[in-house]
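Below is the file model_33.cif, which contains mmCIF, C-alpha atoms and all ligand atoms.
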```cif
data_coords
loop_
_atom_site.label_atom_id
_atom_site.label_comp_id
_atom_site.auth_asym_id
_atom_site.auth_seq_id
_atom_site.Cartn_x
_atom_site.Cartn_y
_atom_site.Cartn_z
CA MET A 1 2.70 14.92 -23.06
CA GLU A 2 2.99 11.98 -20.59
CA ASN A 3 0.55 9.91 -22.66
CA ILE A 4 2.17 10.58 -26.01
CA ILE A 5 4.56 7.95 -27.35
CA PRO A 6 7.48 9.81 -28.96
CA VAL A 7 8.31 9.52 -32.62
CA ASN A 8 11.49 7.51 -33.21
CA SER A 9 13.78 10.27 -34.42
CA ALA A 10 15.75 7.76 -36.49
CA LYS A 11 12.60 7.17 -38.55
CA VAL A 12 12.05 10.85 -39.41
CA PRO A 13 12.93 11.45 -43.08
CA CYS A 14 15.99 13.59 -43.71
CA PHE A 15 17.19 15.74 -46.59
CA THR A 16 20.83 15.91 -47.60
CA THR A 17 22.54 19.25 -48.21
CA TYR A 18 25.03 19.60 -51.07
CA THR A 19 27.75 19.21 -48.45
CA GLY A 20 26.41 15.74 -47.58
CA ALA A 21 24.90 16.69 -44.20
CA LYS A 22 21.57 15.17 -43.16
CA ILE A 23 18.87 17.48 -41.88
CA PRO A 24 15.56 16.23 -40.48
CA ALA A 25 12.73 17.06 -42.88
CA VAL A 26 10.58 18.48 -40.10
CA GLY A 27 12.12 20.93 -37.69
CA PHE A 28 10.64 22.86 -34.81
CA GLY A 29 9.97 26.60 -35.34
CA THR A 30 10.62 28.89 -32.38
CA PHE A 31 9.17 32.25 -33.38
CA GLY A 32 6.63 33.11 -30.68
CA SER A 33 4.70 35.47 -32.99
CA ASP A 34 4.52 38.12 -30.25
CA HIS A 35 2.26 35.94 -28.07
CA VAL A 36 4.38 33.02 -26.84
CA SER A 37 6.78 34.00 -24.06
CA PRO A 38 10.44 32.87 -24.13
CA ALA A 39 9.73 30.56 -21.17
CA GLN A 40 6.78 28.96 -22.96
CA MET A 41 8.85 28.51 -26.10
CA ALA A 42 11.65 26.88 -24.13
CA GLU A 43 9.11 24.44 -22.68
CA ALA A 44 7.79 23.76 -26.19
CA VAL A 45 11.33 23.04 -27.42
CA LYS A 46 11.83 20.59 -24.53
CA CYS A 47 8.58 18.90 -25.41
CA ALA A 48 9.51 18.79 -29.11
CA ILE A 49 12.89 17.18 -28.47
CA ARG A 50 11.39 14.66 -26.07
CA LEU A 51 8.84 13.81 -28.76
CA GLY A 52 11.56 13.16 -31.36
CA TYR A 53 12.45 16.48 -33.05
CA ARG A 54 16.14 16.89 -33.79
CA HIS A 55 16.05 20.07 -35.89
CA ILE A 56 15.33 23.41 -34.19
CA ASP A 57 14.90 26.68 -36.10
CA CYS A 58 16.03 29.59 -33.91
CA ALA A 59 16.87 33.24 -34.51
CA ALA A 60 18.42 36.02 -32.46
CA VAL A 61 15.41 38.27 -33.09
CA TYR A 62 12.96 35.73 -31.64
CA GLY A 63 14.29 36.85 -28.25
CA ASN A 64 14.24 33.38 -26.71
CA GLU A 65 17.60 31.78 -27.54
CA ARG A 66 18.82 32.17 -23.94
CA GLU A 67 15.81 30.29 -22.56
CA ILE A 68 16.07 27.67 -25.31
CA GLY A 69 19.76 27.22 -24.43
CA VAL A 70 18.86 26.54 -20.81
CA ALA A 71 16.25 24.01 -21.96
CA LEU A 72 18.80 22.27 -24.19
CA ARG A 73 21.33 22.10 -21.38
CA ALA A 74 18.72 20.45 -19.14
CA LEU A 75 17.91 17.91 -21.85
CA TYR A 76 21.61 17.03 -22.30
CA ALA A 77 21.99 16.68 -18.53
CA GLU A 78 19.09 14.27 -18.25
CA GLY A 79 20.35 12.26 -21.24
CA ALA A 80 17.30 13.02 -23.40
CA VAL A 81 19.47 14.04 -26.35
CA ARG A 82 23.08 14.79 -27.22
CA ARG A 83 24.22 18.01 -28.86
CA GLU A 84 25.68 16.08 -31.79
CA ASP A 85 22.27 14.58 -32.54
CA LEU A 86 20.67 18.01 -32.98
CA TRP A 87 20.54 20.33 -35.97
CA LEU A 88 20.51 23.88 -34.57
CA THR A 89 19.81 26.78 -36.92
CA SER A 90 20.06 30.45 -36.01
CA LYS A 91 19.85 33.70 -37.94
CA VAL A 92 21.65 37.04 -37.93
CA TRP A 93 19.13 39.83 -37.46
CA ASN A 94 18.96 42.91 -39.68
CA ASP A 95 20.53 45.16 -37.05
CA HIS A 96 23.78 43.15 -37.26
CA HIS A 97 24.76 43.76 -40.88
CA GLY A 98 27.72 46.03 -40.11
CA ASP A 99 31.38 44.97 -40.36
CA GLY A 100 32.19 42.67 -37.45
CA ASP A 101 28.56 42.36 -36.43
CA VAL A 102 27.93 38.85 -37.74
CA LEU A 103 30.65 37.41 -35.50
CA LEU A 104 29.19 39.29 -32.53
CA SER A 105 25.70 38.02 -33.32
CA CYS A 106 26.99 34.47 -33.71
CA ALA A 107 28.95 34.69 -30.45
CA GLN A 108 25.85 35.82 -28.57
CA THR A 109 23.75 33.05 -30.13
CA LEU A 110 26.37 30.41 -29.29
CA LYS A 111 26.48 31.65 -25.72
CA ASP A 112 22.69 31.78 -25.47
CA LEU A 113 22.14 28.36 -27.02
CA GLN A 114 25.03 26.99 -24.90
CA THR A 115 26.86 25.44 -27.79
CA ASP A 116 30.20 25.99 -29.53
CA TYR A 117 28.90 25.63 -33.10
CA LEU A 118 25.73 26.03 -35.10
CA ASP A 119 24.67 23.56 -37.74
CA LEU A 120 23.32 26.40 -39.83
CA MET A 121 23.56 30.18 -39.67
CA LEU A 122 21.33 32.21 -41.96
CA ILE A 123 21.14 35.87 -42.83
CA HIS A 124 17.54 36.44 -41.75
CA TRP A 125 16.64 39.11 -44.33
CA PRO A 126 18.66 40.60 -47.20
CA PHE A 127 18.15 44.13 -45.84
CA PRO A 128 19.74 45.93 -42.88
CA ASN A 129 16.27 47.31 -42.10
CA TYR A 130 14.79 46.67 -38.69
CA HIS A 131 11.95 47.85 -36.56
CA PRO A 132 11.09 47.99 -32.88
CA PRO A 133 9.50 44.80 -31.49
CA HIS A 134 5.68 44.72 -31.66
CA CYS A 135 5.58 47.77 -33.94
CA SER A 136 2.61 48.47 -36.24
CA VAL A 137 2.59 47.67 -39.93
CA ASP A 138 3.06 51.36 -40.83
CA CYS A 139 6.29 51.61 -38.86
CA ARG A 140 9.18 52.75 -41.09
CA ASN A 141 12.81 53.07 -40.10
CA PRO A 142 14.27 56.25 -41.67
CA ASP A 143 17.57 54.39 -42.17
CA ALA A 144 15.89 51.59 -44.13
CA ARG A 145 17.47 50.90 -47.54
CA PRO A 146 16.62 48.79 -50.61
CA TYR A 147 18.79 45.76 -51.36
CA ILE A 148 22.35 46.82 -52.08
CA HIS A 149 24.23 43.78 -53.30
CA GLU A 150 27.68 45.02 -52.33
CA ASN A 151 26.51 45.62 -48.79
CA PHE A 152 24.81 42.25 -48.61
CA MET A 153 27.99 40.52 -49.74
CA ARG A 154 29.89 42.22 -46.92
CA VAL A 155 27.49 40.49 -44.56
CA TYR A 156 27.75 37.22 -46.48
CA ARG A 157 31.57 37.33 -46.36
CA GLN A 158 31.31 37.42 -42.58
CA LEU A 159 29.06 34.39 -42.71
CA GLU A 160 31.68 32.62 -44.84
CA ARG A 161 34.25 33.43 -42.16
CA LEU A 162 32.01 31.76 -39.56
CA ALA A 163 32.01 28.67 -41.76
CA ASP A 164 35.83 28.86 -42.10
CA MET A 165 36.14 29.00 -38.33
CA GLY A 166 33.77 26.06 -37.83
CA LEU A 167 31.38 28.19 -35.80
CA ALA A 168 28.67 27.54 -38.39
CA ARG A 169 28.88 24.19 -40.14
CA HIS A 170 26.57 25.45 -42.89
CA ILE A 171 25.51 28.89 -43.99
CA GLY A 172 22.48 30.08 -45.86
CA ILE A 173 20.06 32.81 -46.78
CA SER A 174 16.43 33.59 -46.14
CA ASN A 175 13.79 35.80 -47.73
CA VAL A 176 15.71 36.24 -50.98
CA THR A 177 14.35 36.27 -54.53
CA ILE A 178 15.67 34.79 -57.78
CA PRO A 179 17.47 38.01 -58.86
CA LYS A 180 19.13 38.33 -55.46
CA LEU A 181 20.02 34.64 -55.31
CA LYS A 182 21.62 34.82 -58.77
CA LEU A 183 23.90 37.63 -57.61
CA ILE A 184 24.74 35.85 -54.36
CA LEU A 185 25.61 32.63 -56.20
CA ARG A 186 27.75 34.59 -58.66
CA ASP A 187 29.76 36.26 -55.92
CA CYS A 188 29.88 33.82 -53.01
CA ARG A 189 32.97 31.83 -52.07
CA ILE A 190 30.99 29.25 -50.10
CA LYS A 191 27.65 28.40 -51.68
CA PRO A 192 24.69 28.67 -49.31
CA ALA A 193 23.50 25.21 -48.26
CA VAL A 194 19.96 26.33 -47.50
CA ASN A 195 17.37 28.80 -48.72
CA GLU A 196 14.71 29.44 -46.05
CA MET A 197 11.53 30.92 -47.47
CA GLU A 198 7.79 31.04 -46.91
CA ILE A 199 6.20 27.88 -48.32
CA HIS A 200 2.69 26.50 -47.76
CA PRO A 201 -0.01 25.20 -50.12
CA HIS A 202 -1.41 28.69 -50.75
CA PHE A 203 2.08 30.10 -51.33
CA GLN A 204 4.14 27.61 -53.29
CA GLN A 205 6.74 29.92 -54.91
CA PRO A 206 7.38 27.42 -57.74
CA GLU A 207 9.92 29.51 -59.65
CA LEU A 208 12.13 30.37 -56.67
CA TYR A 209 11.69 26.85 -55.31
CA GLU A 210 12.86 25.18 -58.52
CA PHE A 211 15.67 27.66 -59.17
CA SER A 212 17.02 27.23 -55.68
CA ARG A 213 16.81 23.45 -55.93
CA GLU A 214 18.48 23.39 -59.35
CA MET A 215 21.33 25.42 -57.87
CA GLY A 216 21.80 22.70 -55.24
CA LEU A 217 20.32 24.49 -52.23
CA LEU A 218 17.93 22.79 -49.83
CA ASN A 219 14.69 24.70 -49.43
CA ILE A 220 13.33 25.08 -45.91
CA GLY A 221 9.74 26.23 -45.74
CA TYR A 222 8.56 28.56 -43.00
CA CYS A 223 4.90 29.08 -42.04
CA PRO A 224 4.23 25.57 -43.40
CA LEU A 225 0.73 25.52 -41.91
CA GLY A 226 -0.12 29.02 -43.06
CA SER A 227 0.83 30.56 -39.70
CA PRO A 228 -2.70 30.85 -38.30
CA ASN A 229 -1.54 32.77 -35.21
CA ARG A 230 0.92 35.13 -36.87
CA PRO A 231 1.28 38.68 -35.52
CA GLU A 232 -1.45 41.18 -36.40
CA ARG A 233 1.04 43.17 -38.46
CA ASP A 234 1.38 40.18 -40.79
CA LYS A 235 -2.38 39.85 -41.38
CA THR A 236 -4.03 41.46 -44.42
CA PRO A 237 -7.73 41.28 -45.40
CA GLY A 238 -7.12 39.25 -48.60
CA ASP A 239 -5.10 36.51 -46.87
CA THR A 240 -6.34 32.97 -47.46
CA VAL A 241 -6.30 30.06 -45.01
CA ASP A 242 -4.52 26.87 -46.09
CA MET A 243 -5.94 24.53 -43.47
CA THR A 244 -9.58 25.23 -44.45
CA ASP A 245 -8.97 24.88 -48.18
CA PRO A 246 -11.50 22.28 -49.45
CA VAL A 247 -8.77 20.36 -51.30
CA ILE A 248 -6.64 20.10 -48.16
CA VAL A 249 -9.68 19.21 -46.01
CA LYS A 250 -10.78 16.48 -48.42
CA ILE A 251 -7.33 14.90 -48.53
CA ALA A 252 -7.12 15.11 -44.73
CA GLU A 253 -10.44 13.24 -44.46
CA ALA A 254 -9.21 10.55 -46.83
CA HIS A 255 -6.13 10.01 -44.65
CA HIS A 256 -7.98 10.47 -41.32
CA VAL A 257 -5.62 13.25 -40.29
CA HIS A 258 -5.84 16.96 -39.48
CA PRO A 259 -5.29 19.35 -42.43
CA SER A 260 -1.98 20.37 -40.80
CA ALA A 261 -0.63 16.87 -41.51
CA VAL A 262 -1.54 17.22 -45.19
CA CYS A 263 0.39 20.52 -45.42
CA LEU A 264 3.47 18.85 -43.91
CA LYS A 265 3.28 15.65 -45.94
CA TRP A 266 2.93 17.76 -49.08
CA ALA A 267 5.96 19.88 -48.15
CA VAL A 268 8.25 16.94 -47.50
CA GLN A 269 7.08 14.92 -50.52
CA ARG A 270 7.58 17.98 -52.69
CA GLY A 271 11.16 18.10 -51.45
CA ASN A 272 11.53 20.79 -48.79
CA ALA A 273 12.08 20.72 -45.06
CA ALA A 274 9.33 22.35 -42.99
CA ILE A 275 9.56 24.03 -39.59
CA PRO A 276 6.11 24.18 -37.96
CA MET A 277 5.76 25.80 -34.54
CA SER A 278 3.34 24.74 -31.85
CA CYS A 279 2.96 25.09 -28.11
CA ASN A 280 0.48 22.26 -27.87
CA PRO A 281 2.10 18.85 -27.20
CA LYS A 282 -0.51 17.01 -29.28
CA ASN A 283 0.16 19.26 -32.26
CA ILE A 284 3.93 19.12 -31.70
CA TYR A 285 3.72 15.34 -31.87
CA ALA A 286 1.27 15.23 -34.79
CA ASN A 287 3.41 17.54 -36.92
CA LEU A 288 6.41 15.23 -36.68
CA ALA A 289 4.40 12.02 -36.91
CA ALA A 290 2.71 13.35 -40.08
CA VAL A 291 5.82 12.81 -42.17
CA CYS A 292 6.56 9.37 -40.77
CA SER A 293 3.28 7.77 -41.88
CA ASP A 294 1.40 7.20 -45.12
CA LEU A 295 2.25 9.28 -48.16
CA LEU A 296 -0.01 11.43 -50.31
CA THR A 297 -0.84 9.92 -53.68
CA GLY A 298 0.39 11.42 -56.94
CA ALA A 299 -3.15 12.66 -57.61
CA GLU A 300 -3.29 14.35 -54.20
CA MET A 301 0.08 16.03 -54.76
CA ALA A 302 -1.16 17.21 -58.17
CA ALA A 303 -4.40 18.55 -56.65
CA ILE A 304 -2.46 20.57 -54.05
CA ALA A 305 -0.22 21.98 -56.79
CA GLN A 306 -3.40 23.52 -58.24
CA ILE A 307 -4.42 25.46 -55.12
CA ASP A 308 -1.54 27.92 -55.02
CA LYS A 309 -3.15 31.31 -54.26
CA LYS A 310 0.17 33.19 -54.36
CA CYS A 311 -0.82 34.38 -50.90
CA ARG A 312 2.31 35.65 -49.21
CA LEU A 313 1.66 36.00 -45.47
CA VAL A 314 4.95 37.51 -44.29
CA LYS A 315 4.91 40.52 -46.59
CA GLY A 316 7.60 42.44 -44.75
CA HIS A 317 5.95 45.91 -44.73
CA VAL A 318 8.07 47.01 -41.81
CA PHE A 319 11.27 46.58 -43.82
CA LEU A 320 10.27 49.13 -46.47
CA TRP A 321 12.41 52.15 -47.12
CA GLU A 322 11.51 55.76 -47.90
CA GLY A 323 10.27 55.94 -51.49
CA ALA A 324 9.35 52.25 -51.80
CA LYS A 325 5.99 51.72 -53.53
CA ASP A 326 4.63 48.91 -51.39
CA TRP A 327 5.70 45.58 -49.93
CA ASN A 328 6.01 44.03 -53.40
CA ASP A 329 9.21 46.08 -53.73
CA LEU A 330 10.83 43.71 -51.24
CA TRP A 331 10.17 40.73 -53.49
CA ASP A 332 11.42 41.87 -56.93
CA VAL A 333 8.08 40.96 -58.51
CA ASN A 334 9.10 42.05 -62.01
CA GLY A 335 12.41 40.25 -61.80
CA ILE A 336 14.22 43.54 -61.07
CA ILE A 337 15.67 44.61 -57.74
CA PRO A 338 14.25 48.09 -57.00
CA GLN A 339 16.88 50.66 -56.08
N1 LIG B 401 13.12 32.91 -41.96
C1 LIG B 401 12.11 33.70 -41.66
O1 LIG B 401 12.09 34.90 -42.00
C2 LIG B 401 10.93 33.15 -40.93
C3 LIG B 401 9.72 33.86 -40.95
C4 LIG B 401 8.64 33.32 -40.27
C5 LIG B 401 8.75 32.12 -39.58
N2 LIG B 401 9.95 31.46 -39.56
C6 LIG B 401 10.11 30.17 -38.82
O2 LIG B 401 9.05 29.31 -39.22
C7 LIG B 401 8.40 28.80 -38.05
C8 LIG B 401 6.96 28.45 -38.37
O3 LIG B 401 6.22 29.58 -38.79
P1 LIG B 401 4.93 30.05 -37.99
O4 LIG B 401 5.11 29.65 -36.57
O5 LIG B 401 4.70 31.47 -38.31
O6 LIG B 401 3.76 29.28 -38.73
P2 LIG B 401 3.20 27.77 -38.78
O7 LIG B 401 4.18 26.81 -38.25
O8 LIG B 401 2.67 27.62 -40.15
O9 LIG B 401 1.95 27.89 -37.80
C9 LIG B 401 2.11 27.85 -36.41
C10 LIG B 401 0.74 27.92 -35.76
O10 LIG B 401 -0.04 26.81 -36.18
C11 LIG B 401 -0.65 26.19 -35.06
N3 LIG B 401 -0.48 24.73 -35.23
C12 LIG B 401 0.68 24.04 -35.18
N4 LIG B 401 0.48 22.74 -35.36
C13 LIG B 401 -0.86 22.59 -35.53
C14 LIG B 401 -1.67 21.45 -35.74
N5 LIG B 401 -1.15 20.22 -35.84
N6 LIG B 401 -3.00 21.65 -35.85
C15 LIG B 401 -3.53 22.89 -35.76
N7 LIG B 401 -2.80 24.02 -35.54
C16 LIG B 401 -1.47 23.86 -35.43
C17 LIG B 401 0.13 26.62 -33.85
O11 LIG B 401 -0.75 26.83 -32.76
P3 LIG B 401 -0.65 25.87 -31.44
O12 LIG B 401 0.51 26.40 -30.66
O13 LIG B 401 -1.96 26.06 -30.78
O14 LIG B 401 -0.44 24.46 -31.92
C18 LIG B 401 0.85 27.88 -34.27
O15 LIG B 401 0.26 29.03 -33.74
C19 LIG B 401 8.58 29.93 -37.03
O16 LIG B 401 8.32 29.50 -35.72
C20 LIG B 401 10.01 30.31 -37.31
O17 LIG B 401 10.90 29.40 -36.67
C21 LIG B 401 11.03 31.94 -40.24
#
```

Can you give me the file's structure in the form of structure tokens?
Amino acid sequence: MENIIPVNSAKVPCFTTYTGAKIPAVGFGTFGSDHVSPAQMAEAVKCAIRLGYRHIDCAAVYGNEREIGVALRALYAEGAVRREDLWLTSKVWNDHHGDGDVLLSCAQTLKDLQTDYLDLMLIHWPFPNYHPPHCSVDCRNPDARPYIHENFMRVYRQLERLADMGLARHIGISNVTIPKLKLILRDCRIKPAVNEMEIHPHFQQPELYEFSREMGLLNIGYCPLGSPNRPERDKTPGDTVDMTDPVIVKIAEAHHVHPSAVCLKWAVQRGNAAIPMSCNPKNIYANLAAVCSDLLTGAEMAAIAQIDKKCRLVKGHVFLWEGAKDWNDLWDVNGIIPQ
């Protein structure tokens, strides 16, 4: 870290939400994937901010907001960054979908992150279904339910209240589909500013991506590098690997960069923010620097558009309910929300 010259955060490209807010195109992911301790993640966040990141993607369920809050406080104290220069995102976990729960979840996150507002609060998943930490892929919660729009809107109304109170400057959704998003847009009072979803070259989600964008939402892509170290429960034999795809490798060679940089350049040029995670200072730096240097050509962007393998990595098995067929039921594959 000592030998790395930070990226000038003012030079990092930004996207603008429909509300006019600027959000850095590359943020720092903080999900430890069951193998990075909260203390290690807090160190990684410190490193990321020192290296120029100003957008941090947190969540209550990642179990490390308290440690990240301590790290942020230390950075403010040493003058490395000011709170107002950061974009802090958090997410309400599935076990806080009851009446009054969203405010409680937000209060805990604010306390943990040592701040009095969030830049963005998301509903992490559109289901109230949760599972014990580190559980196996077969784990099913007997209380798990399919998507019930009325219930979801009760959660969303609470999010709108957070926005009214200024506790969350923006609100948004994550892991939704087009049918769910249509219903949410029909019934919301405050339109979500952001749609956070899985996006990487082998999982491009073009229909959801375009619909969301046409509706004025900013897409934020998670697992932008194909999440090579994701938890075992999220690995399936047919999964493909973005960073070894010959098209990505060839473009990386042409630009003299690692394939990870190609994934991130592609994301940002396509028009979405990306939130890679790393605990390695060189990778932390490279992921931000990737979007501040040379662009991919039109031909390269077109070539990457052709390598979509529709390979969803975060399938969500553990959120399934009794009677669900398989994980595809979470994603409304036929355009219908299973009940
Ligand atoms: N909304 C949601 O439901 C949701 C779901 C999943 C994830 N997320 C968010 O998205 C973030 C990113 O997802 P992710 O962490 O699963 O996947 P990812 O960012 O695609 O991949 C992270 C992995 O890639 C490696 N890596 C990072 N930079 C690299 C580089 N330059 N070269 C080679 N390897 C590199 C890292 O290992 P090293 O540490 O060794 O660099 C790390 O294990 C999460 O941290 C979380 O904030 C949100």

* Hey, what's within 7 Å of range 268-280 of chain A if we count all atoms listed in the file and toss same-chain stuff fewer than 5 positions away? As a PyMOL selection string, please? -> chain A and resi 25-30+44+57+218-225

Would you save the residues from that selection as a CSV table (one decimal), in the frame of the given file, using C-alpha atoms?
```csv
chain,number,residue,atom,x,y,z
A,25,ALA,CA,12.7,17.1,-42.9
A,26,VAL,CA,10.6,18.5,-40.1
A,27,GLY,CA,12.1,20.9,-37.7
A,28,PHE,CA,10.6,22.9,-34.8
A,29,GLY,CA,10.0,26.6,-35.3
A,30,THR,CA,10.6,28.9,-32.4
A,44,ALA,CA,7.8,23.8,-26.2
A,57,ASP,CA,14.9,26.7,-36.1
A,218,LEU,CA,17.9,22.8,-49.8
A,219,ASN,CA,14.7,24.7,-49.4
A,220,ILE,CA,13.3,25.1,-45.9
A,221,GLY,CA,9.7,26.2,-45.7
A,222,TYR,CA,8.6,28.6,-43.0
A,223,CYS,CA,4.9,29.1,-42.0
A,224,PRO,CA,4.2,25.6,-43.4
A,225,LEU,CA,0.7,25.5,-41.9
```

* Among the residues A:His149, A:Lys325, A:His256, A:Lys315, the one that comes closest to Ile337 in chain A [using only C-alpha atoms] ->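 Closest candidate: A:His149.
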
* Can you list, as a ChimeraX atom specification, every protein, DNA or RNA residue that comes within 8 Å of Ala168 in chain A when you count all atoms listed in the file, leaving out same-chain residues fewer than 4 positions away? -> /A:117-121,162-163

* Might you pull out every residue within 6 Å of range 300-310 of chain A, with all atoms listed in the file counted and same-chain residues fewer than 6 positions away left off, and present them as a list of chain:residue names? =>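 Once the adjacent positions are removed, what remains is A:Pro201, A:His202, A:Phe203, A:Gln204.
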
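Residue nearest ligand LIG 401 (chain B), chosen from A:Trp266, A:Phe15, A:Tyr285, A:Phe31 and counting all atoms listed in the file: A:Phe31.
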